[in-house]
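Structure, as structure tokens:
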Amino acid sequence: MDFPMFHLDWLNDRFLIAAVAIIHVMINHGLAVGFIPYITWLEFKGVQRAGREQIADWEWDRLIHNKMKVGFIITTTIGAMTGVGIWFTVALVSPSSIGSLIRVFYWAWFTEWIVFVTEVVLISIYYLSWESANKSLRSKLKHIRFGAFLSIASWITMVIIVSILSFMMDPGNWNTHKSLFNGFTNPIYIPQLFFRTPVAMLMGGVFGMLLTTLFTKKRSTLRIQVVRLGGKWILSWTPIALAGALYYWNAMPEAMKANMSTAVGSMDFAEYYDILKYFIVGATILSVLLAIWAIWKPQKVNVTLVIVPCLLIFGFLGIFERVREFVRKPYVIGGYMYSNLLREEDYALYKKDGILKHATYTSVQEITPENKIEAGKNVFMLTCSRCHTSNGINSIVDVFEKMYGRGKPLDEESMSAYIPNMHQGRTFMPPFPGNKKELEAIVAYIKQLQGTRESLQGAQVEGIKVNPLQNMEQAVKAYGDSVLVSKK
């Protein structure tokens, strides 16, 4: 309530976050957490394969170096930019939630930043010193140790971030005992970490096998040997990933499981839930079959054979991230803050006074017949715009037209009866927080949207006056110097 609302109407605000976050997670999991240890392992295998007079198998070493080059470029460009992009988009679209998370996990995030800087230094040293490390066996082994340290640093960043992601799903007893320790040790933390880690290793192995087929000649001895090792890597991590998935599923609250069919896309997409389940199962089966085939018939593994499992397993992670974001609804932080960025504990106050009275950025404080539509627009921005648009993706008009019939004028009485009770029918939606006047205002605004199809764009700044009840100078005039004492 203390920040102006940014709204991207045609795309939907949360899709903006999702697009950046999913790309970043794919790179973080597939190329940092999973790919780096795979590369380090293969580099060590190159030393083991060397003859007595050699430091390493140089043909093998060049291939692994070229694969590492791809990982280095992607992680330090797209990976780094999308990492910063997550902070930018979340701070833009969901400032209240990220502010709350920073207050809880300040020292955890500070530690993660230190580890991340260490990771950047290590990956630069590991890649850029590759050729110079080939001068002696001692320097080569030291270089491999750098790869091991880099692998650990990459995983530690996951260890910290997963605790925050799990906290947002289920804070556990943090709501009664607010401390970093209780936030960090939430009920879903270990299950989700146990799931994400082997999945990252699988992604790294499949992506590494794809690069092997791109950088080596068909049926060459080098390709056969590296592909066979890649198959062993994938096959060894598969049962751990399946065990992690089962562990994670069993730890998930029943309310979140109930949201699953809608979580994969939207209410319209729920009917395709079974198809997506087959998609996920298919990705797992194809990865296993690829690993078995790579071990049994490595000479027949080619780009075409690897590209489909690679796309499927990366696509699976994208779906997983979408589902994880949705199943925690109606909350953005479980049991504490709803997805509309309003705290659950403040709802009683909003129901009594209305939300406009307590909003810093609003053009309307008192609703009148003359400003009813404008008030409804403000209420929509404050309570609905984090998930709905006026006429874009997940349009609020479309939602009601699907319920009451397309091509028909929306009935204000029906909407007024539905909105206060919508949480009962669609538990993934937060309860409406406003009072009766604000309910009437938002219904009138939605009714107008159906007729005008106007688009609600940009930040809630232009033409907005700061609510005098939230302005220090006005508060002093209204309440006297006592307000300054209370602030101190």
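As shown in the structure tokens, the chain order sets the letters A, B, ...; within each chain, residues go from 1, and ligands are also counted from 1 in the order they appear.
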For range 321-332 of chain A, please output as a PyMOL selection string all residues within 6 Å (counting only C-alpha atoms; exclusion window: fewer than 4 positions along the same chain). chain A and resi 169+256+259+263-264+337-339+428-430
Would you save the residues of that selection, restricted to N, CA, C and O atoms, as a CSV table (one decimal), in the first residue's frame?
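Output (result14.csv):
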chain,number,residue,atom,x,y,z
A,169,MET,N,6.2,-20.5,-0.1
A,169,MET,CA,5.1,-21.5,-0.2
A,169,MET,C,4.5,-21.9,1.1
A,169,MET,O,3.3,-22.0,1.3
A,256,MET,N,-2.2,-26.9,-1.7
A,256,MET,CA,-1.4,-26.6,-2.9
A,256,MET,C,-1.6,-27.7,-4.0
A,256,MET,O,-1.7,-27.4,-5.2
A,259,ASN,N,-4.6,-27.0,-6.1
A,259,ASN,CA,-4.4,-26.0,-7.1
A,259,ASN,C,-3.6,-26.4,-8.3
A,259,ASN,O,-3.5,-25.7,-9.3
A,263,ALA,N,-2.8,-24.7,-11.9
A,263,ALA,CA,-1.4,-24.1,-11.8
A,263,ALA,C,-0.7,-24.2,-13.1
A,263,ALA,O,0.2,-23.4,-13.4
A,264,VAL,N,-0.9,-25.2,-13.9
A,264,VAL,CA,-0.1,-25.4,-15.1
A,264,VAL,C,-0.4,-24.4,-16.1
A,264,VAL,O,0.4,-24.2,-17.1
A,337,MET,N,1.1,-12.8,3.4
A,337,MET,CA,0.8,-11.8,2.5
A,337,MET,C,0.1,-12.4,1.3
A,337,MET,O,0.6,-13.4,0.7
A,338,TYR,N,-1.1,-11.9,0.9
A,338,TYR,CA,-1.8,-12.4,-0.2
A,338,TYR,C,-1.1,-12.0,-1.5
A,338,TYR,O,-0.3,-11.1,-1.6
A,339,SER,N,-1.5,-12.6,-2.6
A,339,SER,CA,-0.9,-12.3,-3.9
A,339,SER,C,-1.2,-10.9,-4.4
A,339,SER,O,-0.6,-10.5,-5.4
A,428,PHE,N,-7.8,-20.2,-4.8
A,428,PHE,CA,-6.5,-19.6,-5.1
A,428,PHE,C,-6.6,-18.1,-5.3
A,428,PHE,O,-5.6,-17.5,-5.5
A,429,MET,N,-7.8,-17.6,-5.2
A,429,MET,CA,-7.9,-16.1,-5.3
A,429,MET,C,-8.0,-15.5,-3.9
A,429,MET,O,-8.8,-16.1,-3.0
A,430,PRO,N,-7.4,-14.4,-3.6
A,430,PRO,CA,-7.5,-13.8,-2.2
A,430,PRO,C,-8.9,-13.3,-2.0
A,430,PRO,O,-9.6,-12.9,-3.0
As a list in words, please: all residues of range 176-413 of chain A that backbone DSSP puts in strand (DSSP E or B).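 DSSP on the backbone gives strand (DSSP E or B) at Tyr331, Val332, Ile333, Met337, Tyr338, Arg343, Tyr361, Thr389 and Ser395 of chain A.
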Let me see the file: selected residues, N, CA, C and O atoms, as a compact mmCIF listing (two decimals), in the first residue's frame.
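Writing the result to part.txt gives the following:
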# COMPACT_ATOMS: atom_id res chain seq x y z
N TYR A 331 -1.69 -16.87 -1.65
CA TYR A 331 -0.62 -16.11 -1.01
C TYR A 331 0.57 -15.92 -1.93
O TYR A 331 0.86 -16.75 -2.79
N VAL A 332 1.29 -14.82 -1.70
CA VAL A 332 2.62 -14.68 -2.27
C VAL A 332 3.65 -15.10 -1.22
O VAL A 332 4.73 -15.58 -1.54
N ILE A 333 3.32 -14.92 0.05
CA ILE A 333 4.07 -15.47 1.19
C ILE A 333 3.05 -16.19 2.06
O ILE A 333 2.16 -15.55 2.63
N MET A 337 1.11 -12.84 3.43
CA MET A 337 0.78 -11.80 2.46
C MET A 337 0.09 -12.44 1.26
O MET A 337 0.60 -13.38 0.66
N TYR A 338 -1.07 -11.90 0.91
CA TYR A 338 -1.81 -12.40 -0.24
C TYR A 338 -1.11 -11.99 -1.55
O TYR A 338 -0.26 -11.10 -1.56
N ARG A 343 -1.34 -7.69 3.37
CA ARG A 343 -1.12 -8.64 4.46
C ARG A 343 -2.44 -9.18 4.99
O ARG A 343 -3.40 -8.42 5.13
N TYR A 361 -0.84 5.86 -2.58
CA TYR A 361 -1.00 6.36 -3.95
C TYR A 361 -2.41 6.05 -4.44
O TYR A 361 -2.72 4.92 -4.83
N THR A 389 -5.65 -8.33 -15.79
CA THR A 389 -5.49 -7.14 -16.62
C THR A 389 -6.89 -6.59 -16.93
O THR A 389 -7.90 -7.23 -16.64
N SER A 395 -7.71 -11.24 -18.50
CA SER A 395 -8.52 -10.02 -18.35
C SER A 395 -9.66 -10.23 -17.37
O SER A 395 -10.34 -11.27 -17.39
Within 10 Å of range 283-292 of chain A: each range 109-209 of chain A residue with its shortest pair, only C-alpha atoms, as a Markdown table:
| residue | atom | partner | partner_atom | distance |
| --- | --- | --- | --- | --- |
| A:Leu202 | CA | A:Ser287 | CA | 8.3 |
| A:Met203 | CA | A:Ser287 | CA | 9.4 |
| A:Gly205 | CA | A:Ala291 | CA | 9.5 |
| A:Val206 | CA | A:Ser287 | CA | 7.6 |
| A:Met209 | CA | A:Ala291 | CA | 9.7 |
Identify all residues of range 116-233 of chain A in helix (DSSP H, G or I) (DSSP on the backbone) and supply them as a compact mmCIF listing (two decimals) with C-alpha atoms, in the first residue's frame.
# COMPACT_ATOMS: atom_id res chain seq x y z
CA PHE A 116 27.79 -15.41 -5.92
CA VAL A 117 30.74 -13.02 -6.22
CA THR A 118 33.02 -15.94 -5.31
CA GLU A 119 31.29 -18.01 -7.98
CA VAL A 120 31.90 -15.33 -10.62
CA VAL A 121 35.59 -15.16 -9.67
CA LEU A 122 35.94 -18.96 -9.71
CA ILE A 123 34.20 -19.46 -13.07
CA SER A 124 36.43 -16.77 -14.60
CA ILE A 125 39.55 -18.41 -13.19
CA TYR A 126 38.36 -21.89 -14.17
CA TYR A 127 37.63 -21.03 -17.81
CA LEU A 128 40.33 -18.43 -18.52
CA SER A 132 47.74 -22.34 -18.91
CA ALA A 133 46.85 -25.08 -16.42
CA ASN A 134 47.89 -27.72 -18.95
CA LYS A 135 51.60 -27.04 -18.43
CA LEU A 137 50.10 -32.28 -13.87
CA ARG A 138 50.19 -30.32 -10.62
CA SER A 139 48.63 -27.23 -12.20
CA LYS A 140 46.09 -29.37 -14.02
CA LEU A 141 44.95 -31.03 -10.80
CA LYS A 142 44.82 -27.61 -9.15
CA HIS A 143 42.63 -26.43 -12.02
CA ILE A 144 40.27 -29.36 -11.47
CA ARG A 145 40.03 -28.43 -7.79
CA PHE A 146 38.96 -24.93 -8.88
CA GLY A 147 36.18 -26.63 -10.84
CA ALA A 148 35.15 -28.55 -7.73
CA PHE A 149 35.10 -25.36 -5.63
CA LEU A 150 33.09 -23.64 -8.37
CA SER A 151 30.58 -26.52 -8.35
CA ILE A 152 30.17 -26.21 -4.58
CA ALA A 153 29.75 -22.42 -4.75
CA SER A 154 27.09 -22.77 -7.47
CA TRP A 155 25.20 -25.29 -5.36
CA ILE A 156 25.40 -23.12 -2.22
CA THR A 157 23.62 -20.29 -4.06
CA MET A 158 20.84 -22.80 -4.78
CA VAL A 159 20.84 -23.89 -1.13
CA ILE A 160 20.13 -20.33 0.02
CA ILE A 161 17.67 -19.28 -2.68
CA VAL A 162 15.61 -22.48 -2.40
CA SER A 163 15.03 -21.73 1.29
CA ILE A 164 13.44 -18.41 0.28
CA LEU A 165 11.34 -19.95 -2.50
CA SER A 166 10.12 -22.65 -0.11
CA PHE A 167 9.40 -20.06 2.58
CA MET A 168 7.05 -18.29 0.18
CA MET A 169 5.12 -21.54 -0.24
CA GLY A 172 5.96 -23.08 8.75
CA ASN A 173 6.03 -21.68 12.28
CA TRP A 174 7.60 -18.37 11.17
CA ASN A 175 4.20 -16.66 11.38
CA LEU A 180 15.61 -16.04 10.15
CA PHE A 181 16.17 -19.55 11.51
CA ASN A 182 12.47 -20.39 11.42
CA GLY A 183 12.16 -18.89 7.97
CA PHE A 184 15.13 -20.84 6.68
CA TYR A 189 12.92 -26.46 2.13
CA ILE A 190 14.75 -29.80 2.28
CA PRO A 191 12.27 -31.64 0.02
CA GLN A 192 12.53 -28.94 -2.67
CA LEU A 193 16.33 -28.83 -2.43
CA PHE A 194 16.48 -32.62 -2.65
CA PHE A 195 14.37 -32.40 -5.82
CA ARG A 196 16.10 -29.48 -7.54
CA THR A 197 19.67 -30.72 -7.06
CA PRO A 198 19.43 -34.02 -9.02
CA VAL A 199 17.19 -32.39 -11.65
CA ALA A 200 19.93 -29.80 -12.22
CA MET A 201 22.46 -32.61 -12.61
CA LEU A 202 20.20 -34.31 -15.16
CA MET A 203 19.85 -31.08 -17.12
CA GLY A 204 23.61 -30.55 -17.08
CA GLY A 205 24.20 -34.07 -18.36
CA VAL A 206 21.65 -33.89 -21.18
CA PHE A 207 22.85 -30.44 -22.27
CA GLY A 208 26.44 -31.68 -22.12
CA MET A 209 25.58 -34.64 -24.32
CA LEU A 210 23.98 -32.28 -26.84
CA LEU A 211 27.20 -30.26 -27.00
CA THR A 212 29.20 -33.48 -27.45
CA THR A 213 27.19 -34.36 -30.55
CA LEU A 214 27.69 -30.83 -31.91
CA PHE A 215 31.47 -30.67 -31.31
CA THR A 221 36.02 -42.76 -30.88
CA LEU A 222 35.99 -39.52 -28.89
CA ARG A 223 32.22 -39.06 -29.33
CA ILE A 224 31.51 -42.67 -28.38
CA GLN A 225 33.52 -42.45 -25.18
CA VAL A 226 32.18 -39.07 -24.00
CA VAL A 227 28.59 -39.96 -24.90
CA ARG A 228 28.83 -43.22 -22.95
CA LEU A 229 30.09 -41.36 -19.88
CA GLY A 230 27.30 -38.80 -20.28
CA GLY A 231 24.78 -41.64 -20.32
CA LYS A 232 26.18 -42.98 -17.06
CA TRP A 233 25.96 -39.49 -15.53
I want to know what sits within 12 Å of Ala19 in chain A, based on only C-alpha atoms, with residues of the same chain fewer than 3 positions away left out; could you give that as a PyMOL selection string? chain A and resi 11-16+22-26+82-83+85-86+89-90+318-319+321-322
Need the shell around range 56-71 of chain A: protein/DNA/RNA residues with any atom at most 8 Å away, counting only C-alpha atoms. Skip same-chain ones fewer than 3 positions apart. Format as a ChimeraX atom specification? /A:31-32,35-36,39,42-43,46-51,74-75,127,130,134,208,211-212,215-216,222
Who sits within 12 Å of Ala348 in chain A, only C-alpha atoms, same chain under 3 positions skipped, as a VMD selection string: chain A and resid 342 to 345 351 to 355 431 to 435
For the residues in the current selection, export N, CA and C atoms as a PDB file, in the first residue's frame.
ATOM      1  N   LEU A 342      -1.348  -7.527  -0.149  1.00  0.00           N
ATOM      2  CA  LEU A 342      -1.941  -7.065   1.098  1.00  0.00           C
ATOM      3  C   LEU A 342      -1.755  -8.124   2.177  1.00  0.00           C
ATOM      4  N   ARG A 343      -1.341  -7.690   3.366  1.00  0.00           N
ATOM      5  CA  ARG A 343      -1.115  -8.644   4.457  1.00  0.00           C
ATOM      6  C   ARG A 343      -2.441  -9.178   4.991  1.00  0.00           C
ATOM      7  N   GLU A 344      -2.459 -10.437   5.311  1.00  0.00           N
ATOM      8  CA  GLU A 344      -3.679 -11.062   5.810  1.00  0.00           C
ATOM      9  C   GLU A 344      -4.152 -10.398   7.110  1.00  0.00           C
ATOM     10  N   GLU A 345      -3.227 -10.025   7.962  1.00  0.00           N
ATOM     11  CA  GLU A 345      -3.597  -9.446   9.256  1.00  0.00           C
ATOM     12  C   GLU A 345      -4.237  -8.071   9.121  1.00  0.00           C
ATOM     13  N   LYS A 351     -11.550  -4.085   5.599  1.00  0.00           N
ATOM     14  CA  LYS A 351     -12.985  -4.358   5.524  1.00  0.00           C
ATOM     15  C   LYS A 351     -13.782  -3.259   6.226  1.00  0.00           C
ATOM     16  N   LYS A 352     -13.200  -2.734   7.285  1.00  0.00           N
ATOM     17  CA  LYS A 352     -13.884  -1.698   8.077  1.00  0.00           C
ATOM     18  C   LYS A 352     -13.789  -0.329   7.417  1.00  0.00           C
ATOM     19  N   ASP A 353     -12.549   0.076   7.076  1.00  0.00           N
ATOM     20  CA  ASP A 353     -12.321   1.432   6.569  1.00  0.00           C
ATOM     21  C   ASP A 353     -12.299   1.528   5.050  1.00  0.00           C
ATOM     22  N   GLY A 354     -12.068   0.413   4.388  1.00  0.00           N
ATOM     23  CA  GLY A 354     -11.808   0.447   2.952  1.00  0.00           C
ATOM     24  C   GLY A 354     -10.324   0.567   2.692  1.00  0.00           C
ATOM     25  N   ILE A 355      -9.875   0.115   1.550  1.00  0.00           N
ATOM     26  CA  ILE A 355      -8.437   0.148   1.248  1.00  0.00           C
ATOM     27  C   ILE A 355      -7.977   1.524   0.777  1.00  0.00           C
ATOM     28  N   PRO A 431      -9.354 -13.184  -0.799  1.00  0.00           N
ATOM     29  CA  PRO A 431     -10.654 -12.557  -0.534  1.00  0.00           C
ATOM     30  C   PRO A 431     -10.618 -11.084  -0.939  1.00  0.00           C
ATOM     31  N   PHE A 432     -11.774 -10.557  -1.306  1.00  0.00           N
ATOM     32  CA  PHE A 432     -11.838  -9.130  -1.635  1.00  0.00           C
ATOM     33  C   PHE A 432     -11.677  -8.328  -0.354  1.00  0.00           C
ATOM     34  N   PRO A 433     -10.745  -7.373  -0.311  1.00  0.00           N
ATOM     35  CA  PRO A 433     -10.446  -6.683   0.950  1.00  0.00           C
ATOM     36  C   PRO A 433     -11.264  -5.432   1.219  1.00  0.00           C
ATOM     37  N   GLY A 434     -11.940  -4.903   0.215  1.00  0.00           N
ATOM     38  CA  GLY A 434     -12.569  -3.600   0.376  1.00  0.00           C
ATOM     39  C   GLY A 434     -13.906  -3.633   1.100  1.00  0.00           C
ATOM     40  N   ASN A 435     -14.456  -2.421   1.332  1.00  0.00           N
ATOM     41  CA  ASN A 435     -15.765  -2.306   1.961  1.00  0.00           C
ATOM     42  C   ASN A 435     -16.858  -2.279   0.890  1.00  0.00           C
TER      43      ASN A 435
END
